[in-house]
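A.B. asks: Here you go, this is structure09.cif (mmCIF, C-alpha atoms and all ligand atoms).
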data_final
#
loop_
_atom_site.label_atom_id
_atom_site.label_comp_id
_atom_site.auth_asym_id
_atom_site.auth_seq_id
_atom_site.Cartn_x
_atom_site.Cartn_y
_atom_site.Cartn_z
CA MET A 10 0.00 0.00 0.00
CA GLU A 11 1.35 3.41 -0.95
CA CYS A 12 1.47 5.80 1.95
CA GLU A 13 2.62 9.33 1.29
CA LYS A 14 2.33 12.08 3.86
CA GLU A 15 4.11 15.24 4.86
CA TYR A 16 3.37 16.52 8.33
CA ASP A 17 4.82 18.80 10.96
CA ILE A 18 5.46 17.63 14.45
CA THR A 19 6.58 19.90 17.23
CA VAL A 20 8.10 17.60 19.77
CA THR A 21 8.27 19.91 22.74
CA GLY A 22 10.26 18.26 25.48
CA ILE A 23 11.43 15.39 23.33
CA ASP A 24 13.57 17.48 21.04
CA THR A 25 14.94 20.94 21.55
CA SER A 26 13.65 21.96 18.14
CA SER A 27 10.67 21.43 15.90
CA TYR A 28 11.04 19.28 12.86
CA THR A 29 9.21 18.32 9.77
CA THR A 30 8.98 14.65 9.07
CA SER A 31 8.49 13.32 5.63
CA CYS A 32 7.11 9.82 5.55
CA ILE A 33 7.18 8.41 2.06
CA TYR A 34 7.52 4.70 1.75
CA THR A 35 5.81 1.58 0.63
CA LYS A 36 4.28 -0.54 3.34
CA GLU A 37 4.94 -4.22 3.37
CA LEU A 38 1.78 -6.12 4.04
CA THR A 39 2.72 -8.44 6.87
CA MET A 40 -0.73 -9.56 7.99
CA THR A 41 -0.38 -13.12 9.21
CA THR A 42 -1.65 -15.85 6.97
CA SER A 43 -1.35 -18.53 9.65
CA LYS A 44 -4.50 -19.94 11.15
CA HIS A 45 -3.87 -18.27 14.48
CA PRO A 46 -2.24 -15.05 15.67
CA LEU A 47 1.46 -14.80 16.36
CA ILE A 48 2.18 -15.12 20.08
CA TRP A 49 4.38 -12.53 21.79
CA GLY A 50 5.33 -12.82 25.46
CA HIS A 51 4.34 -9.66 27.33
CA ARG A 52 7.46 -8.45 29.18
CA GLY A 53 8.67 -11.99 28.36
CA ALA A 54 6.77 -14.92 29.83
CA SER A 55 5.90 -12.61 32.71
CA GLY A 56 3.17 -14.88 34.06
CA HIS A 57 5.93 -17.28 35.09
CA ALA A 58 9.17 -15.34 35.57
CA PRO A 59 9.92 -11.77 36.73
CA GLU A 60 8.79 -9.35 34.03
CA ASN A 61 11.31 -7.78 31.67
CA THR A 62 14.21 -9.99 32.82
CA LEU A 63 16.45 -12.30 30.82
CA PRO A 64 14.87 -15.43 32.37
CA ALA A 65 11.42 -14.18 31.31
CA PHE A 66 12.61 -13.69 27.72
CA GLN A 67 14.42 -17.04 27.67
CA LEU A 68 11.32 -18.75 28.99
CA ALA A 69 9.16 -17.21 26.28
CA ALA A 70 11.60 -18.54 23.69
CA ASP A 71 11.67 -21.96 25.32
CA MET A 72 7.87 -22.09 25.37
CA GLY A 73 7.82 -21.54 21.61
CA ALA A 74 6.59 -17.96 21.47
CA ASP A 75 6.97 -16.09 18.19
CA GLY A 76 8.22 -12.96 19.92
CA VAL A 77 8.46 -10.89 23.05
CA GLU A 78 7.30 -7.45 24.04
CA LEU A 79 9.42 -5.31 26.38
CA ASP A 80 9.78 -1.76 27.69
CA ILE A 81 12.89 0.44 27.41
CA GLN A 82 14.12 3.42 29.40
CA LEU A 83 17.44 5.22 29.96
CA THR A 84 19.55 5.19 33.09
CA LYS A 85 21.11 8.38 34.47
CA ASP A 86 24.28 7.58 32.52
CA GLY A 87 22.44 6.83 29.28
CA VAL A 88 22.27 3.02 29.20
CA ILE A 89 19.18 1.51 27.56
CA VAL A 90 17.64 -0.82 30.12
CA VAL A 91 14.50 -2.92 30.10
CA CYS A 92 11.93 -2.00 32.75
CA HIS A 93 8.24 -1.18 32.68
CA ASP A 94 7.60 1.36 35.43
CA GLU A 95 9.31 4.75 35.48
CA THR A 96 10.00 4.06 39.16
CA ILE A 97 11.68 0.90 40.39
CA ASP A 98 9.67 0.48 43.58
CA ARG A 99 7.29 -2.26 42.38
CA THR A 100 9.72 -4.56 40.59
CA SER A 101 13.00 -4.18 42.48
CA SER A 102 14.56 -4.06 45.93
CA GLY A 103 15.16 -0.32 45.44
CA ALA A 104 12.99 2.77 45.25
CA GLY A 105 12.85 5.96 43.20
CA TRP A 106 12.86 7.09 39.58
CA LEU A 107 14.82 4.83 37.26
CA LYS A 108 16.24 7.89 35.47
CA ASP A 109 17.99 8.94 38.69
CA PHE A 110 20.06 5.74 38.95
CA THR A 111 23.27 4.94 37.10
CA PHE A 112 23.44 1.57 35.45
CA ASP A 113 25.89 0.26 38.06
CA GLU A 114 23.54 1.34 40.85
CA LEU A 115 20.60 -0.45 39.22
CA ARG A 116 22.67 -3.60 38.71
CA ARG A 117 23.16 -3.91 42.45
CA LEU A 118 19.40 -4.28 42.96
CA ASP A 119 17.22 -7.38 42.92
CA PHE A 120 14.58 -7.35 40.17
CA SER A 121 12.96 -10.68 41.08
CA ASN A 122 9.78 -8.81 42.00
CA GLY A 123 8.88 -11.15 44.86
CA ASN A 124 9.50 -14.37 42.92
CA ALA A 125 11.81 -16.36 45.22
CA ALA A 126 12.81 -18.76 42.45
CA TYR A 127 14.52 -15.86 40.69
CA GLU A 128 16.07 -14.09 43.69
CA GLY A 129 18.93 -11.81 42.68
CA VAL A 130 17.95 -11.48 39.04
CA GLN A 131 19.21 -8.19 37.59
CA ILE A 132 17.74 -5.54 35.35
CA PRO A 133 18.84 -6.33 31.77
CA THR A 134 20.25 -3.96 29.20
CA MET A 135 18.62 -3.90 25.80
CA GLU A 136 21.93 -5.07 24.38
CA GLU A 137 21.80 -8.18 26.56
CA VAL A 138 18.30 -8.96 25.33
CA PHE A 139 19.42 -8.60 21.72
CA ASP A 140 22.34 -10.96 22.42
CA LEU A 141 20.10 -13.48 24.15
CA LEU A 142 17.44 -13.59 21.46
CA ALA A 143 19.51 -13.11 18.29
CA PRO A 144 20.00 -16.89 17.80
CA THR A 145 16.26 -17.53 18.21
CA GLY A 146 14.91 -15.31 15.44
CA LEU A 147 12.13 -14.13 17.74
CA THR A 148 10.42 -10.85 16.98
CA ILE A 149 11.02 -8.14 19.57
CA ASN A 150 8.36 -5.50 20.14
CA ILE A 151 10.30 -2.65 21.73
CA GLU A 152 8.06 -0.22 23.59
CA LEU A 153 9.64 3.16 24.24
CA LYS A 154 8.52 4.36 27.66
CA THR A 155 8.43 8.02 26.75
CA GLY A 156 5.03 8.85 28.22
CA ILE A 157 6.12 10.48 31.48
CA ILE A 158 9.84 10.95 30.99
CA PHE A 159 11.05 12.27 27.65
CA TYR A 160 14.35 10.40 27.61
CA ASP A 161 16.97 12.34 25.68
CA ARG A 162 17.53 10.86 22.21
CA ILE A 163 16.25 7.42 23.21
CA GLU A 164 14.89 6.99 19.68
CA GLU A 165 18.32 7.61 18.11
CA LYS A 166 19.99 5.39 20.69
CA ILE A 167 17.77 2.35 20.23
CA LEU A 168 17.99 2.53 16.44
CA GLU A 169 21.77 2.78 16.64
CA LEU A 170 22.03 -0.21 18.96
CA ALA A 171 19.55 -2.33 17.01
CA LYS A 172 21.43 -1.71 13.77
CA THR A 173 24.41 -3.76 14.90
CA LYS A 174 22.64 -6.26 17.12
CA TYR A 175 19.43 -7.60 15.61
CA ARG A 176 17.62 -8.34 12.37
CA ALA A 177 15.63 -5.25 11.43
CA ASP A 178 12.74 -7.34 10.12
CA ARG A 179 12.39 -8.91 13.56
CA ILE A 180 11.84 -5.62 15.41
CA ILE A 181 8.75 -3.49 15.77
CA TYR A 182 8.88 -0.27 17.80
CA SER A 183 5.83 0.99 19.68
CA SER A 184 4.88 3.65 22.19
CA PHE A 185 1.87 5.33 23.74
CA ASN A 186 3.75 8.52 22.86
CA HIS A 187 3.04 8.81 19.16
CA TYR A 188 5.60 11.58 18.76
CA SER A 189 8.18 8.95 19.67
CA VAL A 190 6.74 6.55 17.11
CA CYS A 191 6.86 9.23 14.41
CA LYS A 192 10.40 10.11 15.37
CA ILE A 193 11.52 6.50 14.93
CA LYS A 194 9.86 6.46 11.51
CA LYS A 195 11.46 9.74 10.56
CA LEU A 196 14.92 8.58 11.62
CA ASP A 197 14.54 5.23 9.86
CA PRO A 198 11.64 4.96 7.39
CA SER A 199 12.30 1.24 7.05
CA ALA A 200 11.73 0.61 10.76
CA LYS A 201 8.42 -1.06 11.62
CA VAL A 202 6.34 0.96 14.05
CA GLY A 203 3.08 0.45 15.90
CA LEU A 204 0.82 2.93 17.69
CA LEU A 205 -0.08 1.88 21.24
CA TYR A 206 -3.34 3.04 22.74
CA GLY A 207 -5.92 2.18 25.35
CA ASP A 208 -9.43 3.60 25.48
CA GLY A 209 -10.81 3.72 22.00
CA PRO A 210 -10.41 6.84 19.90
CA VAL A 211 -12.56 7.22 16.80
CA ASP A 212 -11.03 6.03 13.52
CA MET A 213 -7.69 4.79 14.77
CA PRO A 214 -7.12 2.93 11.48
CA GLY A 215 -7.43 6.21 9.57
CA TYR A 216 -5.15 7.94 12.08
CA GLY A 217 -2.61 5.12 11.86
CA ASN A 218 -2.61 5.38 8.10
CA ARG A 219 -2.13 9.16 8.24
CA LEU A 220 0.90 8.69 10.49
CA CYS A 221 2.30 6.03 8.17
CA ALA A 222 2.31 3.43 10.93
CA ASP A 223 2.81 -0.22 10.12
CA ALA A 224 0.58 -1.48 12.91
CA LEU A 225 -1.90 -0.56 15.60
CA HIS A 226 -1.36 -1.92 19.11
CA PRO A 227 -4.79 -1.65 20.71
CA ALA A 228 -5.92 -2.73 24.13
CA TYR A 229 -8.06 -5.81 23.57
CA TYR A 230 -11.49 -4.18 23.87
CA ASN A 231 -10.90 -1.89 20.86
CA LEU A 232 -11.40 -4.83 18.50
CA ARG A 233 -15.16 -4.49 18.90
CA TYR A 234 -15.41 -1.04 17.36
CA PRO A 235 -17.31 -0.74 14.05
CA ASN A 236 -15.39 -1.94 10.99
CA TYR A 237 -12.16 -1.95 12.98
CA MET A 238 -10.46 -4.99 11.45
CA GLU A 239 -11.82 -4.22 7.99
CA ASP A 240 -10.39 -0.71 8.12
CA CYS A 241 -7.03 -1.97 9.37
CA ARG A 242 -6.88 -4.42 6.49
CA LYS A 243 -7.85 -1.66 4.07
CA TYR A 244 -4.89 0.45 5.20
CA GLY A 245 -2.45 -2.46 5.46
CA LEU A 246 -2.12 -2.07 9.22
CA ASP A 247 -1.16 -5.07 11.31
CA VAL A 248 -3.14 -5.43 14.53
CA ASN A 249 -1.10 -6.52 17.56
CA VAL A 250 -3.32 -6.74 20.63
CA TRP A 251 -2.49 -6.46 24.35
CA THR A 252 -2.75 -7.93 26.95
CA VAL A 253 -4.54 -11.13 26.00
CA ASN A 254 -4.50 -13.67 28.81
CA SER A 255 -7.91 -15.32 29.16
CA THR A 256 -9.09 -18.22 27.03
CA GLU A 257 -12.08 -16.21 25.85
CA GLU A 258 -9.91 -13.29 24.74
CA LEU A 259 -7.45 -15.58 23.00
CA MET A 260 -10.28 -17.24 21.07
CA THR A 261 -11.80 -13.90 20.13
CA CYS A 262 -8.48 -12.62 18.80
CA ARG A 263 -8.18 -15.68 16.60
CA GLN A 264 -11.69 -15.11 15.27
CA TYR A 265 -10.91 -11.50 14.45
CA GLY A 266 -7.76 -12.55 12.60
CA VAL A 267 -5.35 -10.22 14.39
CA ASN A 268 -1.66 -10.39 13.49
CA ALA A 269 -0.30 -10.95 17.01
CA ILE A 270 -1.43 -11.24 20.60
CA ILE A 271 0.72 -10.03 23.47
CA THR A 272 0.27 -12.30 26.48
CA ASN A 273 1.76 -13.05 29.88
CA TYR A 274 1.19 -16.77 29.20
CA PRO A 275 2.69 -17.79 25.84
CA ALA A 276 2.52 -21.54 26.58
CA LYS A 277 -1.19 -21.31 27.34
CA ALA A 278 -1.82 -19.45 24.09
CA ILE A 279 0.20 -21.95 22.07
CA LYS A 280 -1.63 -24.90 23.62
CA LEU A 281 -5.00 -23.34 22.98
CA TYR A 282 -4.29 -22.33 19.39
CA GLU A 283 -2.76 -25.67 18.51
CA SER A 284 -5.51 -27.77 20.06
O1 LIG B 301 2.80 -3.16 24.50
C1 LIG B 301 1.64 -3.66 25.07
C2 LIG B 301 1.54 -3.34 26.52
O2 LIG B 301 2.72 -3.69 27.16
C3 LIG B 301 1.26 -1.90 26.76
O3 LIG B 301 0.98 -1.61 28.08
O4 LIG B 301 1.51 -0.81 30.32
O5 LIG B 301 1.95 -3.18 29.74
O6 LIG B 301 3.36 -1.37 28.82
P1 LIG B 301 2.00 -1.75 29.28
CA CA B 302 4.77 -2.58 27.45
#
Any chance you could put this one into structure tokens?
Ligand code: G3P
Ligand code: CA
C.D. replies:
Amino acid sequence: MECEKEYDITVTGIDTSSYTTSCIYTKELTMTTSKHPLIWGHRGASGHAPENTLPAFQLAADMGADGVELDIQLTKDGVIVVCHDETIDRTSSGAGWLKDFTFDELRRLDFSNGNAAYEGVQIPTMEEVFDLLAPTGLTINIELKTGIIFYDRIEEKILELAKTKYRADRIIYSSFNHYSVCKIKKLDPSAKVGLLYGDGPVDMPGYGNRLCADALHPAYYNLRYPNYMEDCRKYGLDVNVWTVNSTEELMTCRQYGVNAIITNYPAKAIKLYES
């Protein structure tokens, strides 16, 4: 599908200047043709191992998942680490804003998140995740956590790292901050990007097409909106749905023909879809 748009984006707080992004490229239609959606482990196999840790990603791979979803942020000294919350209170033995810790300080903390079987597990760098998963061929959905903190040049940094570490066709970038998504696309028009969102805006497929996105990443309940899947197909937008854990939701996603489901329980999804 041909997608040609010129649009201005003032990225106050993300960039020190305004910029014009020109998005002219041909979308690859990557809608799945398999009989069930692709299965991506949400923060790894986070229903079984501490979220966003190397064991959680390894477990998702071992279970036979097609990919993993994860969240990236920057430490005080600029290292790309994998962690969901902007504060480390919930998932680690420490407390405070992640951005205020150096990488070495974070590495001294326990990120087992109350799971005794994984006591002492550390926060991973994005580079370590790339190294772990490169031999597997799994897709990585990299969510940029730029909603509350506008991490300086995180878009440039992740693209630079990914370039040397992972197959480009196995990465899709996403964010609730659509300025971040557009910035990724502007920096690398060949990068696959998805727009994350929760409560349902009107005509997200049209919006996604206008922003030259490759995919929409809706919360599950958005699937029910009028003509949603039809419109996504019309615009060549993949639909990658989160967070799909229950049997009923998994079945519904298969019926709708979504491209991928993002789940805490990849093994459950695989068993259900292959039964
Ligand atoms: O990327 C899907 C999902 O992870 C988005 O929500 O809050 O779990 O990052 P959240
Ligand atoms: Ca996420």
A.B. asks: Nearest to ligand LIG 301 (chain B) among A:Ser121, A:Ser255, A:Ser183, A:Thr96, with distances taken over all atoms listed in the file: which residue is it?
C.D. replies: A:Ser183
A.B. asks: Around ligand CA 302 (chain B), out to 8 Å and counting all atoms listed in the file, which residues are there? I want them as a list in words.
C.D. replies: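 What falls inside 8 Å of ligand CA 302 (chain B) is His51, Arg52, Glu78, Leu79, Asp80, His93, Ile151, Glu152 and Lys154 of chain A.
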A.B. asks: For ligand LIG 301 (chain B), collect every residue having any atom at a distance of at most 12 Å from a ligand atom (counting all atoms listed in the file); output as a ChimeraX atom specification.
C.D. replies: /A:49-53,55,60-61,77-82,91-95,149-156,181-186,202-208,224-229,248-253,269-273
A.B. asks: Could you tell me how far atom CA of Met213 of chain A lies from atom CA of Glu258 of chain A, in Å and to one decimal?
C.D. replies: 20.8 Å
A.B. asks: Using only C-alpha atoms, give me every residue within 10 Å of (11.9, 5.5, 11.5) in file coordinates, as a list in words.
C.D. replies: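 Residues lying no farther than 10 Å from the given point: Thr30, Cys32, Glu164, Glu165, Leu168, Tyr182, Ser189, Val190, Cys191, Lys192, Ile193, Lys194, Lys195, Leu196, Asp197, Pro198, Ser199, Ala200, Lys201, Val202 and Ala222 of chain A.
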A.B. asks: What is the atom CA of Asp240 of chain A to atom CA of His187 of chain A distance in Å?
C.D. replies: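 These two atoms are separated by 19.8 Å.
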A.B. asks: With distances taken over all atoms listed in the file, which residue among A:Tyr244, A:Phe66, A:Arg179, A:Arg263 lies nearest Leu220 of chain A?
C.D. replies: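 Distance minimum relative to Leu220 of chain A lands on A:Tyr244.
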A.B. asks: Can you pull out the residues contacting Asp86 of chain A? Cut-off 9 Å, using all atoms listed in the file, and skip same-chain residues under 2 positions away; I want them as a list of chain:residue names.
C.D. replies: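 Result of the neighbour search: A:Leu83, A:Thr84, A:Val88, A:Lys108, A:Asp109, A:Phe110, A:Thr111, A:Phe112.
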